[in-house]
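What follows is the content of input.txt, which has compact mmCIF, C-alpha atoms and all ligand atoms:
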```txt
# COMPACT_ATOMS: atom_id res chain seq x y z
CA MET Z 17 -6.79 32.36 110.72
CA LYS Z 18 -6.86 35.94 109.61
CA LYS Z 19 -3.80 36.71 111.70
CA ASN Z 20 -1.77 34.53 109.42
CA ALA Z 21 -2.67 36.52 106.35
CA LEU Z 22 -1.81 39.83 104.79
CA THR Z 23 -4.12 41.72 102.42
CA LEU Z 24 -2.73 44.04 99.73
CA ILE Z 25 -5.25 46.53 98.25
CA ILE Z 26 -4.46 47.82 94.79
CA VAL Z 27 -6.34 50.97 93.68
CA PRO Z 28 -6.19 51.57 89.91
CA GLU Z 29 -6.56 55.28 89.01
CA ALA Z 30 -8.73 54.60 86.00
CA SER Z 31 -11.56 52.94 87.91
CA SER Z 32 -13.11 52.85 91.31
CA ARG Z 33 -12.86 49.13 91.57
CA LEU Z 34 -10.39 47.86 94.14
CA HIS Z 35 -8.25 44.76 93.70
CA LYS Z 36 -7.54 42.81 96.78
CA LEU Z 37 -4.61 40.44 97.06
CA ARG Z 38 -4.66 38.28 100.07
CA LEU Z 39 -1.36 36.67 100.96
CA ARG Z 40 -0.97 34.03 103.58
CA LEU Z 41 2.04 34.77 105.84
CA PRO Z 42 3.62 31.29 105.86
CA GLY Z 43 3.58 31.39 102.07
CA LEU Z 44 5.17 34.82 102.10
CA TYR Z 45 7.88 33.67 104.52
CA ALA Z 46 8.64 30.61 102.37
CA PHE Z 47 8.81 32.81 99.26
CA SER Z 48 11.13 35.28 101.02
CA ALA Z 49 13.41 32.47 102.18
CA ILE Z 50 13.59 31.01 98.68
CA ALA Z 51 14.29 34.46 97.27
CA LEU Z 52 17.08 35.01 99.81
CA VAL Z 53 18.69 31.67 99.02
CA ALA Z 54 18.43 32.42 95.33
CA LEU Z 55 20.06 35.81 95.92
CA LEU Z 56 22.91 34.26 97.89
CA LEU Z 57 23.43 31.67 95.18
CA LEU Z 58 23.55 34.40 92.55
CA ALA Z 59 26.01 36.42 94.61
CA GLY Z 60 28.16 33.31 95.06
CA LEU Z 61 28.08 32.62 91.34
CA GLY Z 62 29.03 36.22 90.66
CA ILE Z 63 32.04 36.03 92.96
CA ALA Z 64 33.12 32.69 91.50
CA TYR Z 65 32.84 34.09 88.01
CA THR Z 66 34.85 37.18 88.88
CA ARG Z 67 37.53 35.02 90.42
CA MET Z 68 37.68 32.80 87.39
CA ALA Z 69 37.90 35.81 85.12
CA LEU Z 70 40.77 37.18 87.16
CA GLN Z 71 42.53 33.84 87.11
CA THR Z 72 42.13 33.60 83.38
CA ALA Z 73 43.64 37.05 82.99
CA GLY Z 74 46.55 36.00 85.24
CA TYR Z 75 47.03 32.85 83.21
CA SER Z 76 47.15 34.83 79.96
CA ALA Z 77 49.77 37.11 81.46
CA LEU Z 78 51.77 34.04 82.52
CA VAL Z 79 51.57 32.59 79.04
CA GLU Z 80 52.78 35.87 77.59
CA GLU Z 81 55.58 36.09 80.13
CA ASN Z 82 56.57 32.52 79.41
CA GLN Z 83 56.75 33.25 75.71
CA ALA Z 84 58.86 36.32 76.32
CA LEU Z 85 61.20 34.24 78.50
CA ARG Z 86 61.50 31.58 75.83
CA ILE Z 87 62.41 34.20 73.26
CA ALA Z 88 64.95 35.71 75.64
CA ASN Z 89 66.38 32.26 76.28
CA LYS Z 90 66.65 31.56 72.57
CA ASN Z 91 68.39 34.89 72.02
CA LEU Z 92 70.79 34.06 74.81
CA GLU Z 93 71.46 30.68 73.23
CA VAL Z 94 72.21 32.28 69.88
CA ALA Z 95 74.37 34.93 71.52
CA THR Z 96 76.27 32.23 73.40
CA ARG Z 97 76.88 30.30 70.21
CA GLN Z 98 78.13 33.44 68.50
CA LEU Z 99 80.35 34.15 71.49
CA ASN Z 100 81.72 30.64 71.29
CA SER Z 101 82.48 31.03 67.64
CA LYS Z 102 84.26 34.32 68.43
CA ILE Z 103 86.22 32.61 71.19
CA ARG Z 104 87.22 29.85 68.78
CA GLY Z 105 88.49 32.54 66.42
CA LEU Z 106 90.53 34.02 69.24
CA GLU Z 107 91.86 30.57 70.10
CA ASN Z 108 93.04 30.14 66.52
CA LEU Z 109 94.67 33.56 66.62
CA SER Z 110 96.37 32.75 69.90
CA ASN Z 111 97.64 29.45 68.49
CA ARG Z 112 98.93 31.24 65.39
CA ILE Z 113 100.82 33.75 67.55
CA HIS Z 114 102.30 30.84 69.49
CA GLU Z 115 103.44 29.18 66.29
CA LEU Z 116 105.07 32.40 65.13
CA MET Z 117 106.77 32.81 68.49
CA GLU Z 118 108.01 29.22 68.40
CA ASP Z 119 109.36 29.73 64.87
CA ASP Z 120 111.17 32.88 65.93
CA THR Z 121 114.86 32.01 66.04
CA TRP Z 122 115.84 34.48 68.71
CA ASN Z 123 113.00 33.42 70.99
CA ASN Z 124 114.28 29.87 70.74
CA ARG Z 125 117.94 30.78 71.07
CA LEU Z 126 117.22 32.92 74.10
CA GLY Z 127 114.95 30.32 75.63
CA LEU Z 128 111.99 32.72 75.71
CA VAL Z 129 109.81 29.96 74.34
CA GLY Z 130 110.05 26.23 74.63
CA ASP Z 131 108.40 23.12 75.96
CA THR Z 132 107.80 24.66 79.36
CA GLY Z 133 106.69 28.09 78.26
CA ILE Z 134 104.16 27.72 75.51
CA GLY Z 135 100.89 26.73 77.08
CA GLY Z 136 97.69 26.70 75.11
CA SER Z 137 94.81 24.52 76.17
CA VAL Z 138 95.78 21.76 78.54
CA GLU Z 139 93.16 19.59 76.87
CA ASP Z 140 92.21 19.72 73.24
CA TYR Z 141 88.48 20.39 73.47
CA PRO Z 142 86.62 19.46 70.30
CA THR Z 143 84.64 22.63 70.92
CA ALA Z 144 82.23 22.58 68.00
CA THR Z 145 80.99 19.08 68.65
CA ILE Z 146 80.77 19.48 72.41
CA LEU Z 147 78.75 22.67 72.10
CA GLU Z 148 75.94 21.08 70.14
CA GLU Z 149 75.07 18.79 73.03
CA LEU Z 150 75.50 21.16 75.95
CA ASP Z 151 72.85 23.19 77.68
CA LEU Z 152 73.08 26.93 78.02
CA GLN Z 153 74.77 26.98 81.41
CA GLU Z 154 77.43 24.51 80.26
CA ASN Z 155 77.89 26.58 77.11
CA ILE Z 156 78.50 29.67 79.17
CA ASP Z 157 80.87 27.80 81.48
CA LEU Z 158 82.80 26.61 78.44
CA VAL Z 159 83.05 30.12 77.02
CA TRP Z 160 84.33 31.23 80.39
CA THR Z 161 86.94 28.46 80.53
CA HIS Z 162 88.15 29.15 77.01
CA ALA Z 163 88.28 32.89 77.61
CA ALA Z 164 90.37 32.29 80.74
CA GLU Z 165 92.75 30.05 78.80
CA ILE Z 166 93.12 32.61 76.04
CA GLU Z 167 93.80 35.26 78.65
CA THR Z 168 96.56 33.08 80.14
CA ASP Z 169 98.03 32.54 76.68
CA LEU Z 170 97.95 36.23 75.83
CA ARG Z 171 99.53 37.16 79.16
CA PHE Z 172 102.37 34.83 78.24
CA VAL Z 173 102.66 36.40 74.78
CA GLU Z 174 102.72 39.83 76.43
CA GLU Z 175 105.51 38.70 78.74
CA VAL Z 176 107.57 37.33 75.86
CA ALA Z 177 106.96 40.51 73.85
CA GLU Z 178 108.12 42.65 76.76
CA ARG Z 179 111.24 40.55 77.21
CA ARG Z 180 111.79 40.68 73.46
CA ALA Z 181 111.60 44.47 73.54
CA ASP Z 182 114.23 44.54 76.29
CA GLN Z 183 116.21 41.98 74.36
CA LEU Z 184 116.09 43.94 71.14
CA LEU Z 185 118.51 46.52 72.46
CA LEU Z 186 120.89 43.69 73.32
CA THR Z 187 120.29 41.79 70.09
CA PRO Z 188 122.82 42.31 67.26
CA SER Z 189 120.23 43.34 64.70
CA LEU Z 190 122.05 46.05 62.72
CA TRP Z 191 124.56 45.68 59.92
CA PRO Z 192 127.86 46.69 61.56
CA VAL Z 193 129.00 48.12 58.23
CA ALA Z 194 127.14 48.84 55.03
CA GLY Z 195 128.34 46.61 52.24
CA PRO Z 196 127.93 43.48 50.17
CA ILE Z 197 128.51 40.00 51.58
CA ARG Z 198 131.87 38.82 50.19
CA SER Z 199 131.82 35.48 51.94
CA SER Z 200 128.97 33.72 53.72
CA TYR Z 201 128.87 31.75 56.94
CA GLY Z 202 129.62 28.04 56.57
CA ARG Z 203 131.96 25.66 54.85
CA ARG Z 204 134.00 27.30 52.07
CA ARG Z 205 137.24 27.00 50.18
CA ASP Z 206 140.00 28.70 52.15
CA PRO Z 207 141.24 31.72 50.14
CA PHE Z 208 144.85 30.95 51.16
CA THR Z 209 145.17 27.16 51.09
CA GLY Z 210 142.23 26.14 48.87
CA GLU Z 211 141.11 23.60 51.51
CA SER Z 212 137.49 23.26 52.48
CA LYS Z 213 137.15 24.97 55.86
CA MET Z 214 134.41 26.25 58.15
CA HIS Z 215 133.96 30.02 57.88
CA ARG Z 216 132.52 31.04 61.23
CA GLY Z 217 131.45 34.53 60.27
CA LEU Z 218 130.23 36.82 57.58
CA ASP Z 219 132.66 38.83 55.42
CA ILE Z 220 131.16 42.18 54.57
CA GLY Z 221 132.97 44.16 51.92
CA ALA Z 222 133.75 47.79 52.74
CA LEU Z 223 136.32 50.42 51.95
CA TYR Z 224 139.38 50.75 54.13
CA GLY Z 225 138.56 53.00 57.12
CA THR Z 226 134.75 52.53 56.96
CA GLU Z 227 133.11 53.01 60.36
CA VAL Z 228 132.05 49.82 62.16
CA HIS Z 229 128.94 50.25 64.32
CA ALA Z 230 127.88 48.24 67.36
CA PRO Z 231 124.77 46.29 66.33
CA ALA Z 232 123.44 46.30 69.89
CA ASN Z 233 124.16 47.58 73.40
CA ALA Z 234 127.25 45.84 74.74
CA THR Z 235 130.35 45.77 76.88
CA VAL Z 236 133.72 45.58 75.10
CA VAL Z 237 135.43 42.43 76.37
CA LEU Z 238 138.36 42.50 73.96
CA ALA Z 239 139.99 45.04 71.63
CA GLN Z 240 143.45 43.88 70.60
CA ARG Z 241 145.57 42.12 67.98
CA GLN Z 242 144.62 38.43 67.80
CA ALA Z 243 146.62 36.40 65.24
CA ALA Z 244 144.49 35.51 62.21
CA TYR Z 245 141.69 37.85 63.23
CA GLY Z 246 144.07 40.79 63.07
CA ASN Z 247 142.76 43.70 65.12
CA LEU Z 248 139.80 42.08 66.86
CA ILE Z 249 136.94 43.47 68.92
CA VAL Z 250 134.69 41.16 70.96
CA LEU Z 251 131.43 42.61 72.31
CA ASP Z 252 129.37 40.99 75.06
CA HIS Z 253 125.64 41.72 74.69
CA GLY Z 254 124.51 39.68 77.69
CA ASP Z 255 122.44 36.51 77.79
CA GLY Z 256 125.38 34.58 76.33
CA ILE Z 257 125.43 36.61 73.11
CA THR Z 258 128.78 37.89 71.83
CA THR Z 259 129.90 39.37 68.50
CA ARG Z 260 133.35 39.57 66.93
CA TYR Z 261 134.81 42.09 64.46
CA GLY Z 262 137.99 41.05 62.68
CA HIS Z 263 140.69 42.57 60.43
CA LEU Z 264 140.03 46.12 61.74
CA ALA Z 265 142.37 48.92 60.74
CA ARG Z 266 142.06 50.46 64.22
CA PHE Z 267 139.96 50.58 67.35
CA ASN Z 268 137.57 53.28 68.57
CA VAL Z 269 136.88 51.50 71.91
CA LYS Z 270 138.90 49.71 74.58
CA LYS Z 271 138.31 46.72 76.82
CA GLY Z 272 135.69 47.47 79.51
CA ASP Z 273 133.88 50.21 77.57
CA VAL Z 274 130.08 50.11 77.80
CA ILE Z 275 128.65 51.04 74.43
CA GLU Z 276 125.26 51.60 72.89
CA LYS Z 277 123.65 50.28 69.77
CA GLY Z 278 124.99 52.28 66.80
CA ASP Z 279 128.20 53.49 68.47
CA ILE Z 280 131.36 53.43 66.30
CA ILE Z 281 133.66 50.73 67.68
CA GLY Z 282 136.37 50.69 65.02
CA PHE Z 283 137.28 51.00 61.33
CA VAL Z 284 137.44 48.47 58.52
CA GLY Z 285 140.92 47.26 57.58
CA SER Z 286 142.79 44.21 56.35
CA THR Z 287 144.87 43.19 59.36
CA GLY Z 288 145.57 39.51 60.15
CA ARG Z 289 144.75 36.74 57.70
CA SER Z 290 142.96 38.88 55.12
CA THR Z 291 143.14 39.33 51.37
CA GLY Z 292 141.73 42.86 51.34
CA PRO Z 293 139.70 45.35 53.36
CA HIS Z 294 136.52 43.79 54.75
CA LEU Z 295 134.84 43.16 58.08
CA HIS Z 296 134.77 39.63 59.45
CA TYR Z 297 131.63 39.60 61.60
CA GLU Z 298 130.68 36.75 63.96
CA VAL Z 299 127.66 36.19 66.17
CA ARG Z 300 127.97 33.67 68.99
CA LEU Z 301 125.61 32.24 71.55
CA GLU Z 302 127.30 30.56 74.52
CA ASP Z 303 130.43 30.76 72.34
CA ARG Z 304 128.90 28.64 69.54
CA THR Z 305 128.89 30.49 66.22
CA LEU Z 306 125.58 31.28 64.53
CA ASN Z 307 124.97 32.46 61.00
CA PRO Z 308 124.99 36.28 61.44
CA ARG Z 309 122.88 36.61 58.30
CA ASN Z 310 119.87 35.25 60.24
CA TYR Z 311 119.98 38.19 62.65
CA LEU Z 312 120.48 41.00 60.18
CA PRO Z 313 117.77 42.96 58.40
CA VAL Z 314 117.19 41.54 54.92
CA ASP Z 315 119.02 44.32 53.11
CA PRO Z 316 122.16 46.09 54.23
CA PRO Z 317 121.74 49.82 54.78
CA SER Z 318 122.65 51.90 51.76
CA LEU Z 319 126.25 53.05 51.61
CA ALA Z 320 125.09 56.59 52.29
CA ASP Z 321 123.92 55.62 55.83
ZN ZN Z 401 135.79 36.10 57.49
```

In structure tokens, how does this file's structure come out?
Ligand SMILES: [Zn+2]
Amino acid sequence: MKKNALTLIIVPEASSRLHKLRLRLPGLYAFSAIALVALLLLAGLGIAYTRMALQTAGYSALVEENQALRIANKNLEVATRQLNSKIRGLENLSNRIHELMEDDTWNNRLGLVGDTGIGGSVEDYPTATILEELDLQENIDLVWTHAAEIETDLRFVEEVAERRADQLLLTPSLWPVAGPIRSSYGRRRDPFTGESKMHRGLDIGALYGTEVHAPANATVVLAQRQAAYGNLIVLDHGDGITTRYGHLARFNVKKGDVIEKGDIIGFVGSTGRSTGPHLHYEVRLEDRTLNPRNYLPVDPPSLAD
């Protein structure tokens, strides 16, 4: 029996009396086992707690990240809407430029614009209403589509502008002589017979011998006496545009000459069917007369020019 027990002797320093504690071994083993299990349980709890704490920290970080993402997304949404509004502004501008180009007489006459040329959106997107219902990706796609369309439109405008610049040198856009308009283009009473007749040009008053300037680059296709026109010059500016100068006193160019805008082609006179010195000026497209007034700067140059 005694082999199964353990005796602890405690000696207090303050007295000579000994305390004996007798422990039975099986009891000690049982206690140790329970203590061990309790320790393991505690350790397990500790680990579980630590894990949970870590997970909670991770979750908080996720929540924060999620919030940041939502803010970023909202900002992107707002930015996209602003971009769309900007794009709509550009669309309006592009449409306005198209309108101006379509109204431009020379563009029409020269076929630079027309049914085939002017593009714009193939479909008329009711942008504002569509945007409200779309998600971000669709919004961005729409911005992209519109931007691409505007780019196409502007490329076209650029092309027309470039052709216009080339054209300008060939376009009769200067007053051939400085002076007042004595007789306009259109139906008028004939100064000789009094009958109502079509006047196919512009009569610009000028002193006898005044220099007549080419209003654009050209080739001289005619410079000779021509019945009622008197001494007549016909210039070919290309693209079906010709101009005529009647009643000249004399010529400064001959048939076949290639001349530049501003060159002196002849001098004002009163030859042919004329009541006094003036220049009869015609503008023709494909040999149909146009009102020259529409292609001249608003005011004639001063007589000093
Ligand atoms: Zn005339």

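Nearest residue to ligand ZN 401 (chain Z), choosing from Z:Val228, Z:Leu306, Z:Ile220, Z:Leu52 and counting all atoms listed in the file: Z:Ile220.
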
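Counting all atoms listed in the file, Thr235 (chain Z) has the following residues at most 12 Å away, ignoring those fewer than 6 positions along the same chain: Leu186, Ile249, Val250, Leu251, Asp252, His253, Gly254, Ile257, Thr258, Thr259, Val269, Lys270, Lys271, Gly272, Asp273, Val274, Ile275, Glu276, Lys277, Asp279 and Ile281 of chain Z.
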
Select, from Z:Glu115, Z:Glu178, Z:Asp157, Z:Asp151, the residue with the minimum atom-to-atom distance to Val94 (chain Z), counting only C-alpha atoms.
-> Z:Asp151

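If only C-alpha atoms are the atoms counted, then among Z:Asn20, Z:Leu57, Z:Arg171, Z:Ala181 the closest residue to Leu44 (chain Z) is Z:Asn20.
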
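If all atoms listed in the file are the atoms counted, then among Z:Leu184, Z:Met68, Z:Ala164, Z:Leu218 the closest residue to ligand ZN 401 (chain Z) is Z:Leu218.
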
List all protein, DNA and RNA residues that have an atom no more than 6 Å from any atom of ligand ZN 401 (chain Z), counting all atoms listed in the file, and report them as an MDAnalysis selection string.
-> chainID Z and resid 217:219 296

Suppose you want the space between CA of Lys213 (chain Z) and CA of Tyr201 (chain Z); what is it in Å?
-> 10.8 Å

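Going from CA of Ala49 (chain Z) over to CA of Ala64 (chain Z), you cover 22.4 Å.
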
May I have the residues within 6 Å of Ala21 (chain Z) as a PyMOL selection string, using all atoms listed in the file and disregarding those fewer than 2 positions away in the same chain?
-> chain Z and resi 18-19+39-41
